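Right, one structure below, let's go through it.
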Amino acid sequence: MTSTLVIFIVLSLLTLYAAYRVATAHLITHAALFLAGTFAGVAALFFMLQADFLAAVQLLLYAGAVMAVVVFAIMLSQMREAGDHVPRWVDALRSPFFGFLPLISSVALFVILLISYLDTPWPSSATAAAVNSTRYVAVPLFQSYALPFEVASVLLLAALIGAIVLTRREDDR
Amino acid sequence: MAGYAWLVAALPLVAYVLMVFVGRRVGEKAALFGIVALAVSAILASVILVQVVHGQTIAASIPWVTVGTLKITMGYSVGPVEAVLLTMVSFVSCFIEIYSMGYMHGDARYNRFFANVTLFVTAMLTTVLANNFILFFAGWEIMGLCSYLLIGHWFEDPANCRAATKAFIVTRIGDVGLLLGIWWSYSLTHTFNFNALPGALSVLHLGGGTLNAIALLIFLGAVGKSAQIPLQIWLPDAMAGPTPISALIHAATMVAAGVFLVARTYPIFQMAPSALWWVGLVGAVTAFVGATMATVQVDIKKVLAYSTISQLGYMMIGLGVGAMWAGIFHLLSHAFFKALLFLGAGSVIHATGTQNMHEMGGLWHKQKSTAITFIVGGLALAAIPPTSGYFSKDAILASAYQAHDMLFFWLGALGAGMTAYYVMRAILMTFFGKPKKPEIYAHAHESPRVMTAPLWVLAVPAAFLGLVIDGPIRHFLAPGTPAPNAGWMGYLPLTLAVIGAVVAYVLYTGPVARRARLISALRPLYVLLKEKWFFDHLGSGVVYLLGVGPSLAISAFDRYVVDGAVNGVGRMALWFGRQWRRLVDGNAQGYMLTLAVALAIGLIALQALGG
Amino acid sequence: MPGASGVPLIGYLIVAAAMFCIGAFTALRRTNAIMILMGIELMLNAVNVNLVAFSRFVPAGNGARGQVFALFVLAVAAAEAAVGLAMVIIVSRRRDTIDVDHINLMRG
């Protein structure tokens with residue numbers, strides 16, 4: 001077992017633990033905190049995959065921007081507690097549909113994914129790492145994917161305007 | 001010419017598109033698009049018919065989809081059966097659109113009516129032309145959709161909407177079978193082509209079980225579309241639509257599509273003898289049961305609806321005993337005389353404002369044209385010579401006799417007797433006797449010429465078509481087949497028909513007291529068995545003579561088995577609905593959960609199947 | 001034979017699958033709208049892990065594609081978070097709750 005593998009396992013377990021705490025947090029602020037942890041864990045995984053640029057974007061955009069938006073939303077909606085039935089395992093099995101169906105379907109999904117992953121012959125060796133991972137991503141992004149890139153920017157602009165229009169107070173009009 | 005056969009279906013489609021997009025601008029003149037297109041189609045179809053008679057094959061196809069090894073070609077092929085149907089459908093529908101110009105005049109959704117009729121004709125012609133299951137099924141489903149739209153044409157009345165929904169859903173049950181049959185045969189042979197399919201199936205040397213199952217699944221589609229038992233329940237309700245629609249779709253053309261489906265895939269059925277026997281059995285039971293139901297109806301359109309069910313049963317008998325040509329022959333003559341009867345009934349309803357025969361009577365004096373043509377149609381329906389119905393029904397029953405299918409023969413013959421009875425009863429109740437409601441009688445008047453002229457035009461083929469084409473159509477559809485001959489037994493259906501008519505005549509021209517006496521004599525049985533039955537069928541006492549037992553059994557079957565099954569399905573749906581309500585009560589999370597569960601189940605299934 | 005980084009592809013895939021299922025569970029089970037959005041973010045992140053992992057393990061030349069797609073997913077996720085949370089805010093302002101059990105305007 002190489003040291004990389006050990007690091008990977010520890011990192012994954014931490015990330016998944018954070019994700020698990022998101023799912024089960026009582027306080028919504030705790031959920032947000034653990035969500036930030038998960039995002040950071042994912043960024044670390046990106047580093048391990050030698051996608052440095054993406055890892056940086058992940059940290060900036062998710063752990064930074066999206067988290068800020070989430071925290072603002074929590075603040076503005078004045079919901080300190082999650083305000084719903086936090087799924088404790090006993091609860092989860094009790095109510096007929098929202099109780100066990102989400103649990104069963106997510107677990108089933110995971111098991112089935114696991115089985116099919118184990119059945120599939122994967123390429124075993126990683127390709128050589130790119131020297132400059134930013135350039136590595138940027139070249140195709142601005143050449144073959146220039147049009148989708150522009151579409152994405154229009155989408156972001158639309159989302160920006162949409163969010164502003166939606167949250168404007170009635171008396172502002 | 002062969003290259004232009006697709007125009008027969010394409011022209012109405014063009015007319016439909018025009019009516020939808022510019023119809024609003026030209027107002028009621030938009031109907032002319034449809035009528036002109038259908039007239040040209042009818043002319044083209046008759047040219048094709050002549051060519052096919054002269055032994056030409058008309059077929060063409062183009063590759064449509066090529067994905068890997070999957071090759072689907074689109075195309076048409078016109079054989080004798082298709083040519084006959086093409087001509088009949090385009091002529092009858094062109095004609096009915098002309099009639100509707102008068103009938104629907106001033107309707108709030110006049111253009112929509114004509115657009116839907118034109119789309120229906122497009123679909124029906126496509127179904128007939130198609131040389132493969134894909135195109136056929138597309139046309140078949142569009143027909144179902146148009147039928148739904150037209151039954152619910154007057155959707156202001158919730159009852160009409162219910163009838164439309166019922167028709168749509170019940171026929172869908174059959175379509176599931178048809179679709180399964182199509183898939184199954186495709187998975188075995190990798191072809192959708194009607195002409196290639198039988199050969200491809202026969203070289204596989206399949207067991208009889210598989211072939212029979214495929215044939216029966218296809219037949220299930222026909223059962224739904226052609227309103228055969230047990231899926232006949234939608235047709236009487238479909239009478240909620242405008243009367244021209246009852247005449248066109250629910251008597252002459254669409255319901256015959258089921259018969260056509262069996263005829264189109266007949267080679268498959270010939271390889272599956274037990275499936276073919278079931279076709280005959282379902283047909284025979286339907287022919288008989290439909291006739292018994294018709295004897296107790298008081299709504300003039302319902303009488304005709306049940307008689308349509310019954311007559312479609314006769315066509316199925318013809319197919320089931322191997323005399324496909326006789327079935328198609330009956331389809332053809334039925335299209336004419338049943339359209340005539342429906343338009344006649346429309347004229348009566350137009351005059352009296354009621355569909356209840358108990359409120360009619362004596363209309364002979366007011367509506368001579370309608371009465372005479374209705375009687376001609378009635379004689380054809382009752383199969384009295386020399387009308388068209390006599391020749392075609394006789395050919396079916398004689399073929400059944402010759403094929404030694406005595407069960408089919410007897411059920412058909414008894415049905416023929418009852419057919420004559422209910423026809424006679426309807427004619428007597430509507431046109432003769434004393435007017436039962438003076439105020440209705442006083443206001444009754446002959447319909448305008450735009451409505452009676454079509455009646456006369458249709459009366460001619462209804463009366464004489466059989467006489468003219470009896471021999472030729474057999475040689476055309478089934479070359480080399482000798483005329484079926486049932487010996488002296490061949491006269492049995494006619495004899496029973498005469499007896500049925502006489503019984504009806506005696507009962508319905510005799511004093512009312514006699515009918516009442518007859519009823520009271522058998523009252524205990526009625527009261528004992530079903531009080532509701534007694535009230536529903538007051539005035540139709542003769543049902544006793546022709547057999548209370550069978551009728552009651554049938555009624556019970558309809559009420560408990562058919563309705564029970566339908567209601568049971570409904571209740572089950574209700575139960576599921578309650579259980580799953582939380583998932584679909586407008587809560588997005590519920591929808592999401594459904595999606596997740598379905599995804600998990602789908603992936604598990606994929607994995608389990610070795611995906 | 002593990003790859004150059006010492007971790008086989010399937011390791012990343014399993015982590016991503018587990019994260020995806022946790023996210024799906026959160027989105028399906030929690031009734032708080034913000035929690036649901038967080039669940040969706042988790043699912044999107046899991047997808048990104050998959051994409052980047054694949055881009056590392058498929059032949060060179062196509063490798064960048066996975067990362068480019070991950071970038072697009074990021075962009076869409078950012079847009080979704082902005083609009084989704086804006087909706088949460090107006091719902092909380094108008095109805096005093098963001099419990100989706102009480103939000104069923106789609107009821108037919």
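Chain labels A, B, ... are given in the sequence in which chains occur in the structure tokens; within each chain residues are numbered consecutively from 1, and ligands are likewise numbered from 1 in the order shown.
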* Skipping near chain neighbours, those fewer than 2 positions away, what residues fall within 9 Å of Thr2 of chain A using only C-alpha atoms, listed as number ranges by chain? -> A: 4-7; C: 6-7
* Asked: Which polymer residues have any atom within 8 Å of an atom of segment 10-24 of chain C, counting only C-alpha atoms, with same-chain residues fewer than 5 positions away left out, as a PyMOL selection string?
  -> (chain A and resi 12+16+19-20+23+102+106-107+109-110+113-114+117-118+122) or (chain C and resi 38-47+49-50+53)
Output the selection as a PDB file, in the first residue's frame - N, CA and C atoms for each residue.
ATOM      1  N   SER A  12     -10.796  10.459   1.381  1.00  0.00           N
ATOM      2  CA  SER A  12     -12.146  10.082   0.948  1.00  0.00           C
ATOM      3  C   SER A  12     -13.045   9.881   2.152  1.00  0.00           C
ATOM      4  N   LEU A  16     -16.420  11.872   2.786  1.00  0.00           N
ATOM      5  CA  LEU A  16     -17.707  11.191   2.894  1.00  0.00           C
ATOM      6  C   LEU A  16     -18.334  11.417   4.258  1.00  0.00           C
ATOM      7  N   ALA A  19     -19.911  14.690   4.126  1.00  0.00           N
ATOM      8  CA  ALA A  19     -21.155  14.597   3.353  1.00  0.00           C
ATOM      9  C   ALA A  19     -22.257  13.968   4.190  1.00  0.00           C
ATOM     10  N   TYR A  20     -21.884  12.926   4.949  1.00  0.00           N
ATOM     11  CA  TYR A  20     -22.864  12.259   5.801  1.00  0.00           C
ATOM     12  C   TYR A  20     -23.413  13.221   6.849  1.00  0.00           C
ATOM     13  N   ALA A  23     -26.035  15.415   5.480  1.00  0.00           N
ATOM     14  CA  ALA A  23     -27.336  14.767   5.341  1.00  0.00           C
ATOM     15  C   ALA A  23     -28.058  14.681   6.673  1.00  0.00           C
ATOM     16  N   PRO A 102     -36.512   6.990   0.388  1.00  0.00           N
ATOM     17  CA  PRO A 102     -35.264   7.659   0.016  1.00  0.00           C
ATOM     18  C   PRO A 102     -34.055   6.841   0.422  1.00  0.00           C
ATOM     19  N   SER A 106     -31.571   5.242  -2.296  1.00  0.00           N
ATOM     20  CA  SER A 106     -30.176   5.686  -2.394  1.00  0.00           C
ATOM     21  C   SER A 106     -29.216   4.535  -2.153  1.00  0.00           C
ATOM     22  N   VAL A 107     -29.541   3.702  -1.167  1.00  0.00           N
ATOM     23  CA  VAL A 107     -28.649   2.576  -0.902  1.00  0.00           C
ATOM     24  C   VAL A 107     -28.640   1.626  -2.089  1.00  0.00           C
ATOM     25  N   LEU A 109     -29.197   2.348  -5.136  1.00  0.00           N
ATOM     26  CA  LEU A 109     -28.441   2.994  -6.205  1.00  0.00           C
ATOM     27  C   LEU A 109     -26.948   2.776  -5.994  1.00  0.00           C
ATOM     28  N   PHE A 110     -26.512   2.954  -4.752  1.00  0.00           N
ATOM     29  CA  PHE A 110     -25.095   2.793  -4.464  1.00  0.00           C
ATOM     30  C   PHE A 110     -24.656   1.360  -4.710  1.00  0.00           C
ATOM     31  N   LEU A 113     -24.494   0.588  -8.367  1.00  0.00           N
ATOM     32  CA  LEU A 113     -23.337   1.234  -8.993  1.00  0.00           C
ATOM     33  C   LEU A 113     -22.063   0.469  -8.658  1.00  0.00           C
ATOM     34  N   LEU A 114     -21.962   0.072  -7.388  1.00  0.00           N
ATOM     35  CA  LEU A 114     -20.786  -0.658  -6.933  1.00  0.00           C
ATOM     36  C   LEU A 114     -20.635  -1.957  -7.714  1.00  0.00           C
ATOM     37  N   TYR A 117     -19.571  -1.260 -11.223  1.00  0.00           N
ATOM     38  CA  TYR A 117     -18.182  -0.817 -11.285  1.00  0.00           C
ATOM     39  C   TYR A 117     -17.243  -2.004 -11.175  1.00  0.00           C
ATOM     40  N   LEU A 118     -17.580  -2.907 -10.244  1.00  0.00           N
ATOM     41  CA  LEU A 118     -16.683  -4.038 -10.020  1.00  0.00           C
ATOM     42  C   LEU A 118     -16.693  -4.975 -11.209  1.00  0.00           C
ATOM     43  N   TRP A 122     -11.667  -1.639 -16.046  1.00  0.00           N
ATOM     44  CA  TRP A 122     -11.272  -0.242 -16.201  1.00  0.00           C
ATOM     45  C   TRP A 122      -9.848  -0.153 -16.716  1.00  0.00           C
TER      46      TRP A 122
ATOM     47  N   MET C  38     -28.515  21.782  -0.953  1.00  0.00           N
ATOM     48  CA  MET C  38     -27.206  21.263  -0.560  1.00  0.00           C
ATOM     49  C   MET C  38     -27.034  19.839  -1.069  1.00  0.00           C
ATOM     50  N   GLY C  39     -28.103  19.042  -0.964  1.00  0.00           N
ATOM     51  CA  GLY C  39     -28.037  17.672  -1.471  1.00  0.00           C
ATOM     52  C   GLY C  39     -27.716  17.658  -2.956  1.00  0.00           C
ATOM     53  N   ILE C  40     -28.344  18.563  -3.674  1.00  0.00           N
ATOM     54  CA  ILE C  40     -28.101  18.610  -5.119  1.00  0.00           C
ATOM     55  C   ILE C  40     -26.658  19.009  -5.412  1.00  0.00           C
ATOM     56  N   GLU C  41     -26.141  19.953  -4.605  1.00  0.00           N
ATOM     57  CA  GLU C  41     -24.737  20.329  -4.794  1.00  0.00           C
ATOM     58  C   GLU C  41     -23.820  19.133  -4.563  1.00  0.00           C
ATOM     59  N   LEU C  42     -24.145  18.343  -3.557  1.00  0.00           N
ATOM     60  CA  LEU C  42     -23.338  17.148  -3.298  1.00  0.00           C
ATOM     61  C   LEU C  42     -23.353  16.226  -4.515  1.00  0.00           C
ATOM     62  N   MET C  43     -24.550  16.034  -5.091  1.00  0.00           N
ATOM     63  CA  MET C  43     -24.651  15.138  -6.246  1.00  0.00           C
ATOM     64  C   MET C  43     -23.821  15.676  -7.415  1.00  0.00           C
ATOM     65  N   LEU C  44     -23.893  16.993  -7.635  1.00  0.00           N
ATOM     66  CA  LEU C  44     -23.145  17.568  -8.747  1.00  0.00           C
ATOM     67  C   LEU C  44     -21.647  17.420  -8.528  1.00  0.00           C
ATOM     68  N   ASN C  45     -21.210  17.601  -7.268  1.00  0.00           N
ATOM     69  CA  ASN C  45     -19.797  17.435  -6.962  1.00  0.00           C
ATOM     70  C   ASN C  45     -19.341  16.008  -7.217  1.00  0.00           C
ATOM     71  N   ALA C  46     -20.204  15.054  -6.861  1.00  0.00           N
ATOM     72  CA  ALA C  46     -19.852  13.655  -7.093  1.00  0.00           C
ATOM     73  C   ALA C  46     -19.662  13.411  -8.588  1.00  0.00           C
ATOM     74  N   VAL C  47     -20.547  13.992  -9.389  1.00  0.00           N
ATOM     75  CA  VAL C  47     -20.421  13.832 -10.836  1.00  0.00           C
ATOM     76  C   VAL C  47     -19.081  14.404 -11.307  1.00  0.00           C
ATOM     77  N   VAL C  49     -16.314  14.667  -9.614  1.00  0.00           N
ATOM     78  CA  VAL C  49     -15.222  13.760  -9.245  1.00  0.00           C
ATOM     79  C   VAL C  49     -15.093  12.673 -10.301  1.00  0.00           C
ATOM     80  N   ASN C  50     -16.240  12.119 -10.718  1.00  0.00           N
ATOM     81  CA  ASN C  50     -16.218  11.093 -11.756  1.00  0.00           C
ATOM     82  C   ASN C  50     -15.577  11.617 -13.035  1.00  0.00           C
ATOM     83  N   ALA C  53     -11.865  12.161 -12.682  1.00  0.00           N
ATOM     84  CA  ALA C  53     -11.169  10.879 -12.572  1.00  0.00           C
ATOM     85  C   ALA C  53     -11.070  10.218 -13.944  1.00  0.00           C
TER      86      ALA C  53
END
Give me, as a PDB file with C-alpha atoms, in the first residue's frame, the residues of chain B touching chain A, with the criterion being at most 7 Å (counting only C-alpha atoms).
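This went into out.pdb:
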ATOM      1  CA  LEU B 593     -38.419  10.443  -5.170  1.00  0.00           C
ATOM      2  CA  ALA B 596     -35.015   7.994  -7.898  1.00  0.00           C
ATOM      3  CA  VAL B 597     -36.987   4.832  -7.162  1.00  0.00           C
ATOM      4  CA  ALA B 600     -32.907   2.302  -8.934  1.00  0.00           C
ATOM      5  CA  LEU B 603     -30.677  -0.115 -12.998  1.00  0.00           C
ATOM      6  CA  ILE B 604     -31.347  -3.245 -10.971  1.00  0.00           C
TER       7      ILE B 604
END
* Please provide as a PyMOL selection string all residues within 10 Å of Ala78 of chain C, with the sequence filter that same-chain residues fewer than 5 positions apart are discarded (counting only C-alpha atoms). => (chain A and resi 61-62+65-66+69+156+159-160) or (chain C and resi 41+72-73+83-84)
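Across A:Met48, A:Leu14, A:Ala43, A:Val22, the tightest approach to Arg30 of chain C is made by A:Val22 when counting only C-alpha atoms.
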